[in-house]
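This is final-v2.pdb. It holds PDB, C-alpha atoms.
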```
ATOM      1  CA  MET A 203     -23.457  51.899  34.343
ATOM      2  CA  THR A 204     -21.463  51.748  37.555
ATOM      3  CA  LYS A 205     -17.695  51.403  37.701
ATOM      4  CA  ARG A 206     -18.040  47.970  39.314
ATOM      5  CA  LYS A 207     -20.276  46.666  36.498
ATOM      6  CA  LYS A 208     -17.887  48.002  33.865
ATOM      7  CA  GLN A 209     -14.985  46.347  35.646
ATOM      8  CA  LYS A 210     -16.849  43.018  35.734
ATOM      9  CA  GLN A 211     -17.636  43.218  32.022
ATOM     10  CA  ASN A 212     -14.017  44.059  31.219
ATOM     11  CA  ASN A 213     -12.796  41.189  33.378
ATOM     12  CA  ARG A 214     -15.223  38.850  31.580
ATOM     13  CA  LYS A 215     -13.988  39.995  28.168
ATOM     14  CA  VAL A 216     -10.367  39.505  29.207
ATOM     15  CA  LEU A 217     -11.188  36.027  30.527
ATOM     16  CA  ILE A 218     -12.965  35.073  27.279
ATOM     17  CA  ILE A 219      -9.984  36.291  25.243
ATOM     18  CA  PHE A 220      -7.550  34.318  27.415
ATOM     19  CA  LEU A 221      -9.706  31.183  27.101
ATOM     20  CA  ALA A 222      -9.935  31.562  23.319
ATOM     21  CA  VAL A 223      -6.170  32.052  22.999
ATOM     22  CA  GLY A 224      -5.608  29.063  25.305
ATOM     23  CA  ILE A 225      -7.864  26.833  23.200
ATOM     24  CA  ILE A 226      -6.155  27.914  19.957
ATOM     25  CA  LEU A 227      -2.690  27.326  21.430
ATOM     26  CA  GLY A 228      -3.816  23.966  22.818
ATOM     27  CA  LEU A 229      -5.126  22.833  19.438
ATOM     28  CA  PHE A 230      -1.948  24.008  17.740
ATOM     29  CA  TYR A 231       0.137  22.122  20.313
ATOM     30  CA  LEU A 232      -1.862  18.927  19.855
ATOM     31  CA  LYS A 233      -1.540  19.197  16.078
ATOM     32  CA  SER A 234       2.196  19.730  16.317
ATOM     33  CA  ARG A 235       2.462  16.703  18.622
ATOM     34  CA  ARG A 236       0.904  14.317  16.084
ATOM     35  CA  THR A 237       3.295  11.605  15.011
ATOM     36  CA  LEU A 238       4.349  11.762  11.393
ATOM     37  CA  GLN A 239       3.718   8.382   9.735
ATOM     38  CA  VAL A 240       6.973   6.957   8.403
ATOM     39  CA  VAL A 241       7.378   3.718   6.426
ATOM     40  CA  THR A 242      10.757   1.966   6.597
ATOM     41  CA  VAL A 243      12.235  -1.152   5.008
ATOM     42  CA  ILE A 244      12.585  -3.861   7.676
ATOM     43  CA  SER A 245      13.792  -6.799   5.561
ATOM     44  CA  GLU A 246      15.327  -7.444   2.135
ATOM     45  CA  ILE A 247      15.887 -10.446  -0.109
ATOM     46  CA  GLY A 248      19.226  -9.289  -1.425
ATOM     47  CA  ASN A 249      19.789 -10.903  -4.816
ATOM     48  CA  TYR A 250      16.204 -10.289  -5.933
ATOM     49  CA  ASP A 251      15.582  -6.708  -4.763
ATOM     50  CA  TYR A 252      12.460  -7.723  -2.855
ATOM     51  CA  TYR A 253      11.807  -5.930   0.429
ATOM     52  CA  LEU A 254       9.395  -5.837   3.349
ATOM     53  CA  GLU A 255       8.108  -2.510   4.689
ATOM     54  CA  SER A 256       7.083  -1.630   8.236
ATOM     55  CA  ASN A 257       3.427  -0.992   7.294
ATOM     56  CA  ALA A 258       2.930  -4.443   5.729
ATOM     57  CA  THR A 259      -0.178  -6.368   6.783
ATOM     58  CA  ARG A 260      -0.039  -9.702   8.602
ATOM     59  CA  ILE A 261      -1.003 -11.710   5.504
ATOM     60  CA  TYR A 262       1.649  -9.923   3.425
ATOM     61  CA  LYS A 263       4.324 -10.718   6.027
ATOM     62  CA  LYS A 264       3.253 -14.377   5.972
ATOM     63  CA  TYR A 265       3.732 -14.752   2.211
ATOM     64  CA  TYR A 266       6.888 -12.625   2.203
ATOM     65  CA  SER A 267       8.381 -15.065   4.712
ATOM     66  CA  GLU A 268       7.409 -17.951   2.406
ATOM     67  CA  LEU A 269       9.011 -16.181  -0.565
ATOM     68  CA  GLU A 270      12.172 -15.628   1.459
ATOM     69  CA  LYS A 271      12.393 -19.349   2.260
ATOM     70  CA  GLU A 272      11.668 -20.362  -1.331
ATOM     71  CA  LEU A 273      14.402 -18.146  -2.758
ATOM     72  CA  GLU A 274      16.929 -19.333  -0.168
ATOM     73  CA  ASP A 275      16.458 -22.909  -1.371
ATOM     74  CA  ASN A 276      19.151 -24.357  -3.623
ATOM     75  CA  LYS A 277      16.490 -25.603  -6.038
ATOM     76  CA  ILE A 278      13.691 -23.069  -6.464
ATOM     77  CA  ASP A 279      10.195 -24.353  -7.222
ATOM     78  CA  GLU A 280       9.352 -21.839  -9.941
ATOM     79  CA  LYS A 281       5.604 -22.431  -9.867
ATOM     80  CA  ASN A 282       5.555 -21.755  -6.146
ATOM     81  CA  TYR A 283       7.781 -18.719  -6.704
ATOM     82  CA  ALA A 284       5.358 -17.354  -9.342
ATOM     83  CA  SER A 285       2.396 -18.045  -7.028
ATOM     84  CA  LEU A 286       4.006 -16.160  -4.147
ATOM     85  CA  VAL A 287       4.892 -13.163  -6.318
ATOM     86  CA  ALA A 288       1.293 -13.069  -7.576
ATOM     87  CA  LYS A 289      -0.107 -13.254  -4.022
ATOM     88  CA  LEU A 290       2.221 -10.578  -2.669
ATOM     89  CA  PHE A 291       1.495  -8.226  -5.547
ATOM     90  CA  VAL A 292      -2.268  -8.600  -5.165
ATOM     91  CA  ILE A 293      -2.149  -8.101  -1.380
ATOM     92  CA  ASP A 294       0.014  -4.980  -1.605
ATOM     93  CA  TYR A 295      -1.676  -3.408  -4.618
ATOM     94  CA  TYR A 296      -5.289  -3.859  -3.517
ATOM     95  CA  THR A 297      -4.684  -3.055   0.171
ATOM     96  CA  LEU A 298      -5.110   0.710   0.261
ATOM     97  CA  ASN A 299      -5.755   1.392   3.956
ATOM     98  CA  ASN A 300      -2.041   1.168   4.852
ATOM     99  CA  LYS A 301      -0.912   3.613   2.161
ATOM    100  CA  ILE A 302       0.078   7.040   3.515
ATOM    101  CA  THR A 303      -0.633   9.017   0.318
ATOM    102  CA  ASN A 304      -1.858   8.287  -3.191
ATOM    103  CA  LYS A 305       1.778   8.289  -4.324
ATOM    104  CA  ASN A 306       2.536   5.095  -2.354
ATOM    105  CA  ILE A 307       1.613   2.611  -5.085
ATOM    106  CA  GLY A 308       1.579  -0.978  -3.841
ATOM    107  CA  GLY A 309       3.261  -3.895  -5.595
ATOM    108  CA  ILE A 310       5.778  -1.841  -7.590
ATOM    109  CA  GLN A 311       8.669  -4.152  -6.670
ATOM    110  CA  PHE A 312       6.984  -7.032  -8.534
ATOM    111  CA  ILE A 313       6.457  -5.129 -11.804
ATOM    112  CA  HIS A 314       8.908  -5.540 -14.700
ATOM    113  CA  SER A 315      11.473  -2.710 -14.556
ATOM    114  CA  GLY A 316      10.613  -1.597 -18.094
ATOM    115  CA  LEU A 317       6.955  -1.105 -17.176
ATOM    116  CA  LYS A 318       7.197   0.506 -13.725
ATOM    117  CA  ASP A 319       6.809   4.140 -14.840
ATOM    118  CA  LYS A 320       3.726   3.304 -16.911
ATOM    119  CA  PHE A 321       2.286   1.233 -14.055
ATOM    120  CA  ILE A 322       2.804   4.049 -11.508
ATOM    121  CA  ASN A 323       1.247   6.625 -13.827
ATOM    122  CA  GLU A 324      -1.810   4.492 -14.596
ATOM    123  CA  SER A 325      -2.321   3.524 -10.942
ATOM    124  CA  SER A 326      -2.044   7.158  -9.806
ATOM    125  CA  ASN A 327      -4.883   8.053 -12.159
ATOM    126  CA  THR A 328      -7.124   5.094 -11.353
ATOM    127  CA  MET A 329      -6.910   2.846  -8.258
ATOM    128  CA  TYR A 330      -4.917   5.294  -6.128
ATOM    129  CA  LYS A 331      -6.316   8.588  -7.391
ATOM    130  CA  TYR A 332      -8.704   9.347  -4.527
ATOM    131  CA  ILE A 333      -6.699   8.126  -1.530
ATOM    132  CA  LYS A 334      -6.586  10.906   1.053
ATOM    133  CA  ASN A 335      -3.412  11.947   2.850
ATOM    134  CA  ASN A 336      -2.673  10.049   6.089
ATOM    135  CA  LEU A 337       0.637  11.648   7.065
ATOM    136  CA  TYR A 338      -0.494  12.105  10.672
ATOM    137  CA  GLY A 339      -2.533   8.909  11.028
ATOM    138  CA  ASN A 340      -5.892  10.702  11.268
ATOM    139  CA  ARG A 341      -7.526   9.663   7.972
ATOM    140  CA  LYS A 342     -11.209   8.675   8.263
ATOM    141  CA  GLN A 343     -11.582   7.402   4.688
ATOM    142  CA  LYS A 344     -12.775   3.803   4.276
ATOM    143  CA  LEU A 345     -10.329   1.853   2.121
ATOM    144  CA  PRO A 346      -9.935  -1.851   1.262
ATOM    145  CA  GLU A 347      -7.640  -4.350   2.949
ATOM    146  CA  VAL A 348      -6.923  -7.756   1.429
ATOM    147  CA  ASN A 349      -7.163 -10.547   3.997
ATOM    148  CA  ASN A 350      -7.219 -13.606   1.736
ATOM    149  CA  VAL A 351      -5.682 -14.647  -1.589
ATOM    150  CA  GLU A 352      -6.048 -17.969  -3.388
ATOM    151  CA  ILE A 353      -4.411 -19.177  -6.571
ATOM    152  CA  LYS A 354      -7.239 -20.298  -8.827
ATOM    153  CA  SER A 355      -4.859 -21.496 -11.542
ATOM    154  CA  ILE A 356      -1.269 -21.225 -12.676
ATOM    155  CA  THR A 357      -0.227 -22.097 -16.223
ATOM    156  CA  GLU A 358       3.135 -22.167 -17.986
ATOM    157  CA  ILE A 359       2.996 -20.056 -21.151
ATOM    158  CA  LYS A 360       5.075 -18.705 -24.020
ATOM    159  CA  TYR A 361       4.874 -14.929 -23.931
ATOM    160  CA  ASN A 362       5.729 -12.445 -26.685
ATOM    161  CA  ASN A 363       4.172  -8.997 -26.567
ATOM    162  CA  ASN A 364       5.353  -5.364 -26.884
ATOM    163  CA  GLY A 365       9.003  -6.383 -26.970
ATOM    164  CA  TYR A 366       8.782  -8.618 -23.890
ATOM    165  CA  GLN A 367       9.147 -12.338 -24.377
ATOM    166  CA  ASP A 368       9.720 -15.528 -22.437
ATOM    167  CA  ASP A 369       9.260 -19.155 -23.489
ATOM    168  CA  MET A 370       8.782 -20.138 -19.846
ATOM    169  CA  GLY A 371       6.442 -17.507 -18.444
ATOM    170  CA  TYR A 372       3.426 -17.951 -16.160
ATOM    171  CA  GLN A 373      -0.202 -16.938 -16.236
ATOM    172  CA  VAL A 374      -1.668 -16.792 -12.729
ATOM    173  CA  ILE A 375      -5.305 -16.241 -11.783
ATOM    174  CA  VAL A 376      -5.786 -15.040  -8.210
ATOM    175  CA  ASN A 377      -8.998 -14.850  -6.165
ATOM    176  CA  ILE A 378      -9.069 -11.953  -3.695
ATOM    177  CA  GLY A 379     -10.888 -11.609  -0.365
ATOM    178  CA  TYR A 380     -11.243  -8.370   1.607
ATOM    179  CA  VAL A 381     -11.886  -7.455   5.238
ATOM    180  CA  LYS A 382     -14.779  -5.456   3.794
ATOM    181  CA  ASN A 383     -15.554  -5.330   0.098
ATOM    182  CA  TYR A 384     -15.887  -1.824  -1.322
ATOM    183  CA  ASP A 385     -16.484  -3.111  -4.851
ATOM    184  CA  TYR A 386     -12.833  -3.771  -5.728
ATOM    185  CA  PRO A 387     -11.714  -6.648  -8.010
ATOM    186  CA  GLU A 388     -12.225 -10.180  -6.654
ATOM    187  CA  THR A 389     -10.319 -11.988  -9.416
ATOM    188  CA  VAL A 390      -7.147 -10.855 -11.177
ATOM    189  CA  GLU A 391      -5.127 -12.463 -13.975
ATOM    190  CA  LEU A 392      -1.377 -11.802 -13.944
ATOM    191  CA  THR A 393       1.304 -12.625 -16.494
ATOM    192  CA  LEU A 394       4.858 -13.124 -15.219
ATOM    193  CA  ILE A 395       8.069 -13.535 -17.184
ATOM    194  CA  HIS A 396      11.736 -13.918 -16.316
ATOM    195  CA  GLU A 397      13.740 -10.727 -15.899
ATOM    196  CA  GLU A 398      17.338 -11.785 -15.288
ATOM    197  CA  ASN A 399      17.201 -13.924 -12.107
ATOM    198  CA  ARG A 400      13.674 -12.984 -11.038
ATOM    199  CA  LEU A 401      10.051 -13.254 -12.110
ATOM    200  CA  SER A 402       8.328  -9.969 -12.949
ATOM    201  CA  ILE A 403       4.760  -9.027 -13.817
ATOM    202  CA  VAL A 404       4.152  -7.714 -17.338
ATOM    203  CA  GLU A 405       0.350  -7.861 -17.569
ATOM    204  CA  ILE A 406      -2.559  -7.359 -15.151
ATOM    205  CA  LYS A 407      -6.151  -8.108 -16.180
TER     206      LYS A 407
END
```

Give the structure from the file, written as structure tokens.
Amino acid sequence: MTKRKKQKQNNRKVLIIFLAVGIILGLFYLKSRRTLQVVTVISEIGNYDYYLESNATRIYKKYYSELEKELEDNKIDEKNYASLVAKLFVIDYYTLNNKITNKNIGGIQFIHSGLKDKFINESSNTMYKYIKNNLYGNRKQKLPEVNNVEIKSITEIKYNNNGYQDDMGYQVIVNIGYVKNYDYPETVELTLIHEENRLSIVEIK
């Protein structure tokens, strides 16, 4: 083999190595440039500890605004209040495509404080168990999004179960519609009771 041919081969090898290194560095740079997904609180209903997050869907924002107006009223319509809590819970809990990880359980703020830990644990092992990480906004997984909720019925009840009781509680049945149905629940029954100045969910069926 002549010197010139050897030189050409060596030059080719060097070029290939430089290209490979360039591609690797480019991919690393692009990965490092991905925007980390961050969810922030953008609104709060002070006396009730309800809040609106930056990743909320349009339908959630609509009913949150209605809840805000209802709770600002001097005379609260409790049935409407219970209906709005039920709608907001269902939208947030069954909309999974805006959750960043499987630890971001929806609807927690509407659960009775004494049942939150149990609710988070059960949800992490069922509904939310298989949600893939979306920290950099590149998840390809198909997940449900609620785009319609309707109150099928709302009934005043006396509730007494597992140490929780209320003579003026509510049983709410909600119909759920999705952008695309991936075989998630289409009807849910919720039980709400008074917890100090607010209504909280104690049962989900």

Notebook entry, point to check: Using only C-alpha atoms, can you list as a PyMOL selection string the residues within 12 Å of (2.9, -5.3, 0.5)?
Noted result: chain A and resi 241+243+252-267+286-301+306-312+347-349

Notebook entry, point to check: Could you name the residues that touch A:Ser355 at 9 Å or less, counting only C-alpha atoms, but leaving out those on the same chain fewer than 2 positions away, as a VMD selection string?
Noted result: chain A and resid 352 to 353 357 373 to 376

Next item on the list: Pick out the closest residue to A:Glu398 from this set: A:Glu274, A:Asp279, A:Asp368, A:Glu358. Count all atoms listed in the file.
Entry: A:Asp368

Next item on the list: Considering only C-alpha atoms, return as a ChimeraX atom specification whatever protein or nucleic-acid residues lie within 10 Å of A:Asn336, sequence-local ones (same chain, fewer than 2 positions apart) excluded.
Entry: /A:238-239,299-304,333-334,338-343

Note to self: Given only C-alpha atoms as the basis, pick out the residue of A:His314, A:Lys354, A:Lys360, A:Lys281 nearest to A:Asn377.
What the structure shows: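 When distances to A:Asn377 are compared using only C-alpha atoms, the smallest one comes from A:Lys354.
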